[in-house]
Amino acid sequence: MTNASDLASSYDLVVIGGGPAGLAAAALAARAGLSTVLFDENPGVGGQIYRAITFSPVKDRTILGEDYWAGADLAAEAAASGALIVTGATVWSLDPARLVGVSIAGQARLIRAGRVIIATGALERPVPVPGWTLPGVMSAGGAQTVLKAQGLVPSGRTVMAGGGPLLWLLAAQILRAGGKLDAILDTTPRSNWLRALAHLPDFLLSPYFSKGVKLLREVRAKVRVIRVDRLEAVGDDRLREVVFGTGDGERRLAADLLLLHQGVVPNVNLAIAAGIAHAWNERQLCFEPVLDGDFNSSVPGIAVAGDGAGIAGGTAAAERGRIAAIAAVRALRPAASVPDVQIMRRKLRREEMGRAFLDWLNRPAGPFRQPTGDTIVCRCEEVTARQVRDTADMGCEGPNQMKAFLRCGMGPCQGRLCGLTVTELIAAQRGTTPAEVGYYRLRPPVKPITLAELASLPIAEAERKAVER
Amino acid sequence: MFKRLAEACAPVAITVDGKRVGCRAGDTVAAALIAAGIAHCRTAPVSGAPRAPYCLMGVCFECLVTVDGTGSRQGCLVPVRDGMTVETQVGRREAGR
């Protein structure tokens, strides 16, 4: 257990996030001789894909699958590399001068970094359907988290809804663990095939193809799959029913648990707050950092690796982490020996091959990204789609002005669960593009910290004198 | 809503709103609430509607609870510890705790 007081005041490399990108980056950099620290806010390393890889109670390896257990090597490699790996460490600030604000068990420190690799990964795209704030409605990723880390399996009447590879993977894992699913409501429009088809040849050659086909077959054999274009969670103090339909038809299913998923998007909060330039990705419908081939961002000395650099999956994330780490080593210790970066670039290209097909095929339909009426958009401040649309009609041009009108994005989640929706709604209402509308301006602290944590920062004599009268 | 696949991990006990809740080593506070079937962990500050853990990965802040007297902790990031005191939060009234 590392305490804040155990940390050095500076490191050659600070890696933020302990998923595949962060673990691979820290391992490579530390082995090449950089003093390296990795911070992760969770109780263990692994990120989302390899969550709880070092302590999962799910011992039957077939349940989570071999792709999950592959993460054990990454974690072991990082642990043996000489990098200091600190879990339970929340990074709440990163400035362009590479000063990293971190809190561990209520004690805060400011750490200087020669280089920084942001590896904060992805989060699930918001799924703003009516009733999505009801207890009993969870993200599919949330259900997967408690399966991996605590061995919890849905037990009541369970419905999954949405689309994307993770939805099907989780369905298979729940079934293998002995769970039962009442239905999967597939919201992916058939018309997506039109755009996807052009990328089919690449997909057929990619590692995703055979895995995907097997997964779909496994799930479809056991669960009824219903294609829907409407979805609603209905209840009073908790979820009671899932209402869905196609065209004019409407059906209802009594349910205790509804698991929602519409793919994943980069977790941009720390990178944007650090001043890194971002751009809209129209294929993946999200903002992502503007990066060079070594994953360097627009801020000197700060790279973004893994799914935070744009969604490409866990295996690609590790290669991206290694490429970013090699660049960090070359910048700080040009004489140090590093592996051949071309090997990683080749692996990365192969991993990224099937992506375009998957992205176009699973692109969430408009109504699931741009809600209407009383559907809540900002969960924290309970701002509805109608309010956002009406305010855009009144002349509000962007998400930052929208904060002043409605407080959307100003609650504790700092826009993580509403940012993309608000941007898309403003763009739709004003007849412009998300790229033009932009995203929330984000500032540190990117995670809430207490005044006591701030007060625990060590103060130098000169700093004290500067404010004393 | 959820059942445990295995009871392999060591038992740990916390109190939630004064009631003893059995959980397992390796649980986070949010996972322990879910496993215990506790329907909601806070109410929303604007409408007072009940809310429960949603993302379980530290981004949605729906699982905010008071842990050992400190308010608005993210339950999904805090591991349980024997004797830990957890209190559910009531909307705006306790947001600043």
# chains A, B, ... in the order shown; residues from 1 in each chain; ligands from 1

call {"tool": "interface_residues", "arguments": {"of": "chain B", "to": "chain A", "cutoff": "6 Å", "atoms": "only C-alpha atoms", "output": "compact mmCIF listing (two decimals) with C-alpha atoms, in the first residue's frame"}}
result
# COMPACT_ATOMS: atom_id res chain seq x y z
CA MET B 1 -31.44 -8.19 -8.79
CA PHE B 2 -28.05 -9.90 -8.43
CA LYS B 3 -26.77 -13.08 -6.81
CA ARG B 4 -23.28 -14.10 -5.86
CA LEU B 5 -21.60 -16.67 -8.05
CA ASP B 27 -16.58 -5.69 -2.60
CA ARG B 51 -31.14 6.83 -7.56
CA ALA B 52 -29.00 3.69 -7.58
CA TYR B 54 -25.46 3.01 -12.67
CA CYS B 55 -21.96 2.73 -14.18
CA LEU B 56 -19.92 1.21 -11.32
CA CYS B 60 -21.72 8.57 -13.24
CA PHE B 61 -21.63 9.59 -9.54
CA LEU B 77 -14.41 3.23 -5.84

call {"tool": "residues_around", "arguments": {"residues": "Ile34 (chain B)", "least_positions_apart": "2", "cutoff": "9 Å", "atoms": "only C-alpha atoms", "output": "list of chain:residue names"}}
result
A:Leu152, B:Met1, B:Phe2, B:Val29, B:Ala30, B:Ala31, B:Ala32, B:Ala36, B:Gly37, B:Ile38, B:Ala39, B:His40, B:Ala52, B:Pro53

call {"tool": "select_by_dssp", "arguments": {"residues": "chain B", "states": "helix (DSSP H, G or I)", "output": "ChimeraX atom specification"}}
result
/B:29-35,75-77,92-94

call {"tool": "write_last_selection", "arguments": {"atoms": "N, CA and C atoms", "output": "mmCIF file, in the first residue's frame"}}
result
data_model
loop_
_atom_site.group_PDB
_atom_site.id
_atom_site.type_symbol
_atom_site.label_atom_id
_atom_site.label_comp_id
_atom_site.auth_asym_id
_atom_site.auth_seq_id
_atom_site.Cartn_x
_atom_site.Cartn_y
_atom_site.Cartn_z
ATOM 1 N N VAL B 29 -18.240 -0.486 -1.912
ATOM 2 C CA VAL B 29 -19.470 -0.134 -1.204
ATOM 3 C C VAL B 29 -20.676 -0.287 -2.136
ATOM 4 N N ALA B 30 -20.537 0.192 -3.386
ATOM 5 C CA ALA B 30 -21.666 0.116 -4.322
ATOM 6 C C ALA B 30 -22.023 -1.334 -4.630
ATOM 7 N N ALA B 31 -21.014 -2.183 -4.836
ATOM 8 C CA ALA B 31 -21.287 -3.593 -5.125
ATOM 9 C C ALA B 31 -21.965 -4.260 -3.931
ATOM 10 N N ALA B 32 -21.532 -3.886 -2.720
ATOM 11 C CA ALA B 32 -22.134 -4.462 -1.515
ATOM 12 C C ALA B 32 -23.608 -4.078 -1.414
ATOM 13 N N LEU B 33 -23.925 -2.833 -1.758
ATOM 14 C CA LEU B 33 -25.326 -2.385 -1.722
ATOM 15 C C LEU B 33 -26.158 -3.179 -2.731
ATOM 16 N N ILE B 34 -25.597 -3.359 -3.927
ATOM 17 C CA ILE B 34 -26.307 -4.110 -4.971
ATOM 18 C C ILE B 34 -26.515 -5.555 -4.534
ATOM 19 N N ALA B 35 -25.450 -6.175 -4.010
ATOM 20 C CA ALA B 35 -25.543 -7.585 -3.594
ATOM 21 C C ALA B 35 -26.555 -7.752 -2.472
ATOM 22 N N GLY B 75 -19.257 5.373 -4.109
ATOM 23 C CA GLY B 75 -19.318 4.045 -3.514
ATOM 24 C C GLY B 75 -18.640 2.977 -4.348
ATOM 25 N N CYS B 76 -18.584 3.178 -5.666
ATOM 26 C CA CYS B 76 -18.012 2.147 -6.532
ATOM 27 C C CYS B 76 -16.487 2.154 -6.511
ATOM 28 N N LEU B 77 -15.881 3.167 -5.882
ATOM 29 C CA LEU B 77 -14.413 3.234 -5.837
ATOM 30 C C LEU B 77 -13.863 2.949 -4.446
ATOM 31 N N ARG B 92 -30.525 17.344 -1.938
ATOM 32 C CA ARG B 92 -29.768 18.579 -1.785
ATOM 33 C C ARG B 92 -29.367 18.796 -0.320
ATOM 34 N N ARG B 93 -30.249 18.355 0.566
ATOM 35 C CA ARG B 93 -30.047 18.620 1.991
ATOM 36 C C ARG B 93 -28.670 18.147 2.455
ATOM 37 N N GLU B 94 -28.231 16.997 1.891
ATOM 38 C CA GLU B 94 -26.985 16.439 2.391
ATOM 39 C C GLU B 94 -25.852 16.502 1.383
#

call {"tool": "residues_around", "arguments": {"residues": "Thr391 (chain A)", "least_positions_apart": "4", "cutoff": "9 Å", "atoms": "only C-alpha atoms", "output": "list in words"}}
result
Arg386, Gln387, Gly395, Cys396, Glu397, Met402, Phe405, Leu406 and Ile426 of chain A

call {"tool": "write_last_selection", "arguments": {"atoms": "all heavy atoms", "output": "mmCIF file, in the first residue's frame"}}
result
data_model
loop_
_atom_site.group_PDB
_atom_site.id
_atom_site.type_symbol
_atom_site.label_atom_id
_atom_site.label_comp_id
_atom_site.auth_asym_id
_atom_site.auth_seq_id
_atom_site.Cartn_x
_atom_site.Cartn_y
_atom_site.Cartn_z
ATOM 1 N N ARG A 386 -36.138 18.397 -23.726
ATOM 2 C CA ARG A 386 -36.941 19.548 -24.178
ATOM 3 C C ARG A 386 -36.278 20.858 -23.745
ATOM 4 O O ARG A 386 -36.183 21.801 -24.527
ATOM 5 C CB ARG A 386 -38.370 19.469 -23.636
ATOM 6 C CG ARG A 386 -39.228 20.661 -24.079
ATOM 7 C CD ARG A 386 -40.638 20.622 -23.522
ATOM 8 N NE ARG A 386 -41.416 19.522 -24.086
ATOM 9 C CZ ARG A 386 -41.877 18.505 -23.376
ATOM 10 N NH1 ARG A 386 -41.658 18.461 -22.079
ATOM 11 N NH2 ARG A 386 -42.565 17.544 -23.951
ATOM 12 N N GLN A 387 -35.813 20.902 -22.505
ATOM 13 C CA GLN A 387 -35.155 22.120 -22.014
ATOM 14 C C GLN A 387 -33.925 22.469 -22.856
ATOM 15 O O GLN A 387 -33.718 23.622 -23.214
ATOM 16 C CB GLN A 387 -34.735 21.935 -20.546
ATOM 17 C CG GLN A 387 -35.894 21.959 -19.558
ATOM 18 C CD GLN A 387 -35.391 21.690 -18.143
ATOM 19 O OE1 GLN A 387 -34.975 20.577 -17.833
ATOM 20 N NE2 GLN A 387 -35.390 22.703 -17.307
ATOM 21 N N GLY A 395 -31.444 30.535 -28.927
ATOM 22 C CA GLY A 395 -30.221 31.187 -29.385
ATOM 23 C C GLY A 395 -28.962 30.723 -28.690
ATOM 24 O O GLY A 395 -27.874 31.192 -29.011
ATOM 25 N N CYS A 396 -29.086 29.786 -27.747
ATOM 26 C CA CYS A 396 -27.896 29.277 -27.068
ATOM 27 C C CYS A 396 -27.061 28.454 -28.054
ATOM 28 O O CYS A 396 -27.553 27.513 -28.663
ATOM 29 C CB CYS A 396 -28.317 28.419 -25.872
ATOM 30 S SG CYS A 396 -26.937 27.639 -25.049
ATOM 31 N N GLU A 397 -25.814 28.840 -28.234
ATOM 32 C CA GLU A 397 -25.015 28.272 -29.321
ATOM 33 C C GLU A 397 -24.139 27.094 -28.910
ATOM 34 O O GLU A 397 -23.651 26.352 -29.759
ATOM 35 C CB GLU A 397 -24.125 29.368 -29.918
ATOM 36 C CG GLU A 397 -24.926 30.387 -30.684
ATOM 37 C CD GLU A 397 -24.061 31.510 -31.208
ATOM 38 O OE1 GLU A 397 -22.843 31.518 -30.942
ATOM 39 O OE2 GLU A 397 -24.622 32.379 -31.894
ATOM 40 N N MET A 402 -24.939 26.748 -22.372
ATOM 41 C CA MET A 402 -26.060 25.936 -21.883
ATOM 42 C C MET A 402 -25.941 25.715 -20.370
ATOM 43 O O MET A 402 -26.946 25.643 -19.667
ATOM 44 C CB MET A 402 -26.075 24.597 -22.627
ATOM 45 C CG MET A 402 -27.367 23.828 -22.553
ATOM 46 S SD MET A 402 -28.800 24.675 -23.279
ATOM 47 C CE MET A 402 -28.602 24.329 -25.016
ATOM 48 N N PHE A 405 -27.550 28.545 -18.588
ATOM 49 C CA PHE A 405 -29.011 28.530 -18.638
ATOM 50 C C PHE A 405 -29.610 27.417 -17.779
ATOM 51 O O PHE A 405 -30.599 27.621 -17.089
ATOM 52 C CB PHE A 405 -29.501 28.354 -20.076
ATOM 53 C CG PHE A 405 -29.405 29.602 -20.907
ATOM 54 C CD1 PHE A 405 -28.471 29.707 -21.922
ATOM 55 C CD2 PHE A 405 -30.254 30.675 -20.668
ATOM 56 C CE1 PHE A 405 -28.382 30.854 -22.685
ATOM 57 C CE2 PHE A 405 -30.168 31.834 -21.430
ATOM 58 C CZ PHE A 405 -29.231 31.923 -22.444
ATOM 59 N N LEU A 406 -29.047 26.222 -17.883
ATOM 60 C CA LEU A 406 -29.731 25.040 -17.341
ATOM 61 C C LEU A 406 -28.947 24.266 -16.280
ATOM 62 O O LEU A 406 -29.478 23.343 -15.685
ATOM 63 C CB LEU A 406 -30.053 24.063 -18.494
ATOM 64 C CG LEU A 406 -30.972 24.598 -19.594
ATOM 65 C CD1 LEU A 406 -31.099 23.553 -20.700
ATOM 66 C CD2 LEU A 406 -32.350 24.920 -19.035
ATOM 67 N N ILE A 426 -27.765 20.304 -29.410
ATOM 68 C CA ILE A 426 -27.589 21.686 -29.870
ATOM 69 C C ILE A 426 -27.338 21.686 -31.382
ATOM 70 O O ILE A 426 -27.933 22.482 -32.126
ATOM 71 C CB ILE A 426 -26.430 22.385 -29.118
ATOM 72 C CG1 ILE A 426 -26.750 22.498 -27.628
ATOM 73 C CG2 ILE A 426 -26.157 23.774 -29.717
ATOM 74 C CD1 ILE A 426 -25.594 23.006 -26.772
#

call {"tool": "closest_atom_pairs", "arguments": {"of": "region 435-454 of chain A", "to": "region 283-287 of chain A", "cutoff": "12 Å", "atoms": "only C-alpha atoms", "output": "CSV"}}
result
residue,atom,partner,partner_atom,distance
A:Ala435,CA,A:Phe287,CA,8.4
A:Glu436,CA,A:Phe287,CA,11.7
A:Val437,CA,A:Phe287,CA,11.4
A:Gly438,CA,A:Phe287,CA,8.6
A:Tyr439,CA,A:Phe287,CA,7.9
A:Tyr440,CA,A:Phe287,CA,10.9

call {"tool": "write_last_selection", "arguments": {"atoms": "all heavy atoms", "output": "PDB file, in the first residue's frame"}}
result
ATOM      1  N   ALA A 435     -19.014  19.057 -34.423  1.00  0.00           N
ATOM      2  CA  ALA A 435     -17.667  19.634 -34.505  1.00  0.00           C
ATOM      3  C   ALA A 435     -17.739  21.148 -34.304  1.00  0.00           C
ATOM      4  O   ALA A 435     -16.893  21.747 -33.628  1.00  0.00           O
ATOM      5  CB  ALA A 435     -17.037  19.299 -35.859  1.00  0.00           C
ATOM      6  N   GLU A 436     -18.755  21.764 -34.898  1.00  0.00           N
ATOM      7  CA  GLU A 436     -18.942  23.217 -34.810  1.00  0.00           C
ATOM      8  C   GLU A 436     -19.394  23.628 -33.401  1.00  0.00           C
ATOM      9  O   GLU A 436     -18.958  24.649 -32.873  1.00  0.00           O
ATOM     10  CB  GLU A 436     -20.014  23.616 -35.849  1.00  0.00           C
ATOM     11  CG  GLU A 436     -19.972  25.042 -36.318  1.00  0.00           C
ATOM     12  CD  GLU A 436     -18.641  25.415 -36.944  1.00  0.00           C
ATOM     13  OE1 GLU A 436     -18.106  24.624 -37.774  1.00  0.00           O
ATOM     14  OE2 GLU A 436     -18.138  26.481 -36.586  1.00  0.00           O
ATOM     15  N   VAL A 437     -20.256  22.821 -32.797  1.00  0.00           N
ATOM     16  CA  VAL A 437     -20.811  23.146 -31.471  1.00  0.00           C
ATOM     17  C   VAL A 437     -19.753  22.990 -30.384  1.00  0.00           C
ATOM     18  O   VAL A 437     -19.668  23.782 -29.448  1.00  0.00           O
ATOM     19  CB  VAL A 437     -22.036  22.238 -31.178  1.00  0.00           C
ATOM     20  CG1 VAL A 437     -22.477  22.351 -29.730  1.00  0.00           C
ATOM     21  CG2 VAL A 437     -23.188  22.603 -32.116  1.00  0.00           C
ATOM     22  N   GLY A 438     -18.916  21.948 -30.505  1.00  0.00           N
ATOM     23  CA  GLY A 438     -17.861  21.711 -29.513  1.00  0.00           C
ATOM     24  C   GLY A 438     -18.369  21.038 -28.251  1.00  0.00           C
ATOM     25  O   GLY A 438     -19.536  20.640 -28.159  1.00  0.00           O
ATOM     26  N   TYR A 439     -17.474  20.933 -27.274  1.00  0.00           N
ATOM     27  CA  TYR A 439     -17.774  20.189 -26.044  1.00  0.00           C
ATOM     28  C   TYR A 439     -17.681  21.136 -24.855  1.00  0.00           C
ATOM     29  O   TYR A 439     -17.254  22.279 -24.986  1.00  0.00           O
ATOM     30  CB  TYR A 439     -16.757  19.046 -25.896  1.00  0.00           C
ATOM     31  CG  TYR A 439     -17.181  17.972 -24.917  1.00  0.00           C
ATOM     32  CD1 TYR A 439     -18.222  17.100 -25.233  1.00  0.00           C
ATOM     33  CD2 TYR A 439     -16.541  17.819 -23.694  1.00  0.00           C
ATOM     34  CE1 TYR A 439     -18.611  16.112 -24.336  1.00  0.00           C
ATOM     35  CE2 TYR A 439     -16.921  16.830 -22.789  1.00  0.00           C
ATOM     36  CZ  TYR A 439     -17.962  15.984 -23.124  1.00  0.00           C
ATOM     37  OH  TYR A 439     -18.349  15.011 -22.239  1.00  0.00           O
ATOM     38  N   TYR A 440     -18.097  20.650 -23.677  1.00  0.00           N
ATOM     39  CA  TYR A 440     -17.950  21.423 -22.441  1.00  0.00           C
ATOM     40  C   TYR A 440     -16.500  21.848 -22.245  1.00  0.00           C
ATOM     41  O   TYR A 440     -15.583  21.076 -22.505  1.00  0.00           O
ATOM     42  CB  TYR A 440     -18.336  20.576 -21.229  1.00  0.00           C
ATOM     43  CG  TYR A 440     -19.802  20.272 -21.065  1.00  0.00           C
ATOM     44  CD1 TYR A 440     -20.219  18.983 -20.774  1.00  0.00           C
ATOM     45  CD2 TYR A 440     -20.747  21.272 -21.156  1.00  0.00           C
ATOM     46  CE1 TYR A 440     -21.554  18.686 -20.588  1.00  0.00           C
ATOM     47  CE2 TYR A 440     -22.096  20.984 -20.967  1.00  0.00           C
ATOM     48  CZ  TYR A 440     -22.492  19.692 -20.688  1.00  0.00           C
ATOM     49  OH  TYR A 440     -23.812  19.403 -20.497  1.00  0.00           O
TER      50      TYR A 440
END

call {"tool": "closest_residue", "arguments": {"among": "A:Arg224, A:Arg320, A:His278, A:Lys465", "to": "Phe295 (chain A)", "atoms": "only C-alpha atoms"}}
result
A:Arg320

call {"tool": "residues_around", "arguments": {"residues": "Leu253 (chain A)", "least_positions_apart": "2", "cutoff": "7 Å", "atoms": "only C-alpha atoms", "output": "PyMOL selection string"}}
result
chain A and resi 241-243+251+255

call {"tool": "write_last_selection", "arguments": {"atoms": "N, CA, C and O atoms", "output": "short mmCIF file (atom, residue, chain, number, x, y, z; two decimals), in the first residue's frame"}}
result
data_model
loop_
_atom_site.label_atom_id
_atom_site.label_comp_id
_atom_site.auth_asym_id
_atom_site.auth_seq_id
_atom_site.Cartn_x
_atom_site.Cartn_y
_atom_site.Cartn_z
N GLU A 241 -41.17 -2.14 -15.70
CA GLU A 241 -41.41 -2.66 -17.04
C GLU A 241 -40.45 -2.01 -18.04
O GLU A 241 -40.07 -0.86 -17.88
N VAL A 242 -40.17 -2.79 -19.10
CA VAL A 242 -39.48 -2.21 -20.25
C VAL A 242 -40.48 -2.16 -21.39
O VAL A 242 -41.12 -3.17 -21.70
N VAL A 243 -40.67 -0.96 -21.94
CA VAL A 243 -41.61 -0.79 -23.04
C VAL A 243 -40.81 -0.55 -24.31
O VAL A 243 -39.87 0.25 -24.31
N ARG A 251 -44.72 -3.20 -27.22
CA ARG A 251 -44.76 -4.36 -26.33
C ARG A 251 -44.19 -3.98 -24.98
O ARG A 251 -43.43 -3.02 -24.86
N ALA A 255 -39.81 -6.33 -15.77
CA ALA A 255 -38.37 -6.53 -15.56
C ALA A 255 -37.91 -5.96 -14.23
O ALA A 255 -38.46 -4.97 -13.74
#

call {"tool": "select_by_dssp", "arguments": {"residues": "chain B", "states": "strand (DSSP E or B)", "output": "ChimeraX atom specification"}}
result
/B:2-4,11-16,19-24,28,42-43,50-51,64-67,70-74,79,85-87,89-90

call {"tool": "residues_around", "arguments": {"residues": "Leu94 (chain A)", "least_positions_apart": "3", "cutoff": "10 Å", "atoms": "only C-alpha atoms", "output": "PDB file with C-alpha atoms, in the first residue's frame"}}
result
ATOM      1  CA  ILE A  16      -2.605   7.941 -15.488  1.00  0.00           C
ATOM      2  CA  VAL A  91      -5.710  12.118 -10.364  1.00  0.00           C
ATOM      3  CA  ALA A  97       3.388  22.140 -17.416  1.00  0.00           C
ATOM      4  CA  ARG A  98       2.860  18.492 -16.395  1.00  0.00           C
ATOM      5  CA  LEU A  99       2.101  19.075 -12.738  1.00  0.00           C
ATOM      6  CA  VAL A 100      -0.108  16.180 -11.648  1.00  0.00           C
ATOM      7  CA  GLY A 101      -2.556  16.579  -8.740  1.00  0.00           C
ATOM      8  CA  VAL A 102      -3.265  13.235  -7.096  1.00  0.00           C
ATOM      9  CA  LEU A 110       1.375  17.684  -6.660  1.00  0.00           C
ATOM     10  CA  ILE A 111       3.862  15.592  -8.671  1.00  0.00           C
ATOM     11  CA  ARG A 112       6.146  16.918 -11.427  1.00  0.00           C
ATOM     12  CA  ALA A 113       6.381  14.716 -14.503  1.00  0.00           C
ATOM     13  CA  VAL A 116       2.773  12.122 -18.960  1.00  0.00           C
ATOM     14  CA  ILE A 118      -2.932   9.736 -20.137  1.00  0.00           C
ATOM     15  CA  LEU A 270      -8.655  14.865 -17.903  1.00  0.00           C
ATOM     16  CA  ALA A 271      -7.228  15.412 -21.407  1.00  0.00           C
ATOM     17  CA  ILE A 272      -9.529  18.353 -22.154  1.00  0.00           C
ATOM     18  CA  ALA A 273      -8.856  19.897 -18.737  1.00  0.00           C
ATOM     19  CA  ALA A 274      -5.103  19.633 -19.485  1.00  0.00           C
ATOM     20  CA  GLY A 275      -5.671  21.799 -22.562  1.00  0.00           C
ATOM     21  CA  ILE A 302       1.674  14.729 -22.769  1.00  0.00           C
ATOM     22  CA  ARG A 443     -11.317  22.483 -15.706  1.00  0.00           C
ATOM     23  CA  PRO A 444      -9.507  20.877 -12.798  1.00  0.00           C
ATOM     24  CA  PRO A 445     -10.330  19.372 -10.400  1.00  0.00           C
ATOM     25  CA  VAL A 446     -11.743  16.733 -12.774  1.00  0.00           C
TER      26      VAL A 446
END

call {"tool": "residues_around", "arguments": {"residues": "region 338-354 of chain A", "least_positions_apart": "6", "cutoff": "7 Å", "atoms": "only C-alpha atoms", "output": "list in words"}}
result
Ala32, Asp202, Phe203, Ser206, Tyr208, Ala312, Ala316, Glu319, Ile323 and Ile326 of chain A

call {"tool": "closest_residue", "arguments": {"among": "B:Ala49, B:Val16, B:Ala6, B:Cys41", "to": "Val65 (chain B)", "atoms": "only C-alpha atoms"}}
result
B:Cys41

call {"tool": "atom_distance", "arguments": {"atom1": "CA of Asn400 (chain A)", "atom2": "CA of Asn269 (chain A)"}}
result
14.5 Å

call {"tool": "atom_distance", "arguments": {"atom1": "CA of Arg73 (chain B)", "atom2": "CA of Ala305 (chain A)"}}
result
28.2 Å

call {"tool": "atom_distance", "arguments": {"atom1": "CA of Gly249 (chain A)", "atom2": "CA of Arg220 (chain A)"}}
result
22.7 Å

call {"tool": "residues_around", "arguments": {"residues": "Asp17 (chain B)", "least_positions_apart": "3", "cutoff": "10 Å", "atoms": "only C-alpha atoms", "output": "ChimeraX atom specification"}}
result
/B:14,20-21,66,85-89

call {"tool": "write_last_selection", "arguments": {"atoms": "N, CA, C and O atoms", "output": "mmCIF file, in the first residue's frame"}}
result
data_model
loop_
_atom_site.group_PDB
_atom_site.id
_atom_site.type_symbol
_atom_site.label_atom_id
_atom_site.label_comp_id
_atom_site.auth_asym_id
_atom_site.auth_seq_id
_atom_site.Cartn_x
_atom_site.Cartn_y
_atom_site.Cartn_z
ATOM 1 N N ILE B 14 -20.503 -4.345 7.213
ATOM 2 C CA ILE B 14 -20.586 -2.886 7.298
ATOM 3 C C ILE B 14 -21.971 -2.545 7.829
ATOM 4 O O ILE B 14 -22.835 -3.423 7.906
ATOM 5 N N ARG B 20 -26.899 -3.708 9.923
ATOM 6 C CA ARG B 20 -25.740 -4.511 9.547
ATOM 7 C C ARG B 20 -25.971 -5.122 8.163
ATOM 8 O O ARG B 20 -27.035 -5.670 7.887
ATOM 9 N N VAL B 21 -24.958 -5.007 7.298
ATOM 10 C CA VAL B 21 -25.032 -5.610 5.966
ATOM 11 C C VAL B 21 -23.796 -6.491 5.775
ATOM 12 O O VAL B 21 -22.663 -6.013 5.863
ATOM 13 N N THR B 66 -22.447 8.532 2.005
ATOM 14 C CA THR B 66 -21.585 9.014 3.082
ATOM 15 C C THR B 66 -20.858 7.810 3.682
ATOM 16 O O THR B 66 -21.491 6.837 4.065
ATOM 17 N N THR B 85 -19.030 2.477 8.244
ATOM 18 C CA THR B 85 -20.375 3.024 8.373
ATOM 19 C C THR B 85 -20.760 3.737 7.085
ATOM 20 O O THR B 85 -20.091 4.680 6.667
ATOM 21 N N VAL B 86 -21.832 3.256 6.454
ATOM 22 C CA VAL B 86 -22.307 3.855 5.203
ATOM 23 C C VAL B 86 -23.691 4.434 5.443
ATOM 24 O O VAL B 86 -24.525 3.800 6.093
ATOM 25 N N GLU B 87 -23.893 5.656 4.968
ATOM 26 C CA GLU B 87 -25.231 6.251 5.054
ATOM 27 C C GLU B 87 -25.686 6.678 3.667
ATOM 28 O O GLU B 87 -24.894 7.241 2.907
ATOM 29 N N THR B 88 -26.935 6.406 3.348
ATOM 30 C CA THR B 88 -27.470 6.881 2.075
ATOM 31 C C THR B 88 -27.716 8.381 2.197
ATOM 32 O O THR B 88 -27.841 8.914 3.298
ATOM 33 N N GLN B 89 -27.755 9.076 1.062
ATOM 34 C CA GLN B 89 -27.846 10.546 1.089
ATOM 35 C C GLN B 89 -29.203 11.013 0.600
ATOM 36 O O GLN B 89 -29.776 10.420 -0.314
#

call {"tool": "decode", "arguments": {"residues": "region 416-447 of chain A", "atoms": "C-alpha atoms", "output": "mmCIF file, in the first residue's frame"}}
result
data_model
loop_
_atom_site.group_PDB
_atom_site.id
_atom_site.type_symbol
_atom_site.label_atom_id
_atom_site.label_comp_id
_atom_site.auth_asym_id
_atom_site.auth_seq_id
_atom_site.Cartn_x
_atom_site.Cartn_y
_atom_site.Cartn_z
ATOM 1 C CA ARG A 416 -19.432 12.610 -18.427
ATOM 2 C CA LEU A 417 -23.011 11.310 -18.761
ATOM 3 C CA CYS A 418 -24.518 14.215 -20.733
ATOM 4 C CA GLY A 419 -21.756 15.956 -22.695
ATOM 5 C CA LEU A 420 -22.178 14.143 -25.995
ATOM 6 C CA THR A 421 -25.976 14.318 -25.800
ATOM 7 C CA VAL A 422 -25.993 18.066 -25.148
ATOM 8 C CA THR A 423 -23.553 18.686 -28.017
ATOM 9 C CA GLU A 424 -25.623 16.570 -30.417
ATOM 10 C CA LEU A 425 -28.916 18.158 -29.358
ATOM 11 C CA ILE A 426 -27.589 21.686 -29.870
ATOM 12 C CA ALA A 427 -26.189 20.700 -33.274
ATOM 13 C CA ALA A 428 -29.483 19.087 -34.315
ATOM 14 C CA GLN A 429 -31.559 22.025 -33.122
ATOM 15 C CA ARG A 430 -29.383 24.672 -34.731
ATOM 16 C CA GLY A 431 -28.807 22.755 -37.971
ATOM 17 C CA THR A 432 -25.051 22.564 -37.517
ATOM 18 C CA THR A 433 -22.480 19.883 -36.659
ATOM 19 C CA PRO A 434 -21.148 18.595 -33.315
ATOM 20 C CA ALA A 435 -17.667 19.634 -34.505
ATOM 21 C CA GLU A 436 -18.942 23.217 -34.810
ATOM 22 C CA VAL A 437 -20.811 23.146 -31.471
ATOM 23 C CA GLY A 438 -17.861 21.711 -29.513
ATOM 24 C CA TYR A 439 -17.774 20.189 -26.044
ATOM 25 C CA TYR A 440 -17.950 21.423 -22.441
ATOM 26 C CA ARG A 441 -14.978 23.450 -21.272
ATOM 27 C CA LEU A 442 -13.553 21.301 -18.495
ATOM 28 C CA ARG A 443 -11.317 22.483 -15.706
ATOM 29 C CA PRO A 444 -9.507 20.877 -12.798
ATOM 30 C CA PRO A 445 -10.330 19.372 -10.400
ATOM 31 C CA VAL A 446 -11.743 16.733 -12.774
ATOM 32 C CA LYS A 447 -12.761 14.601 -9.795
#
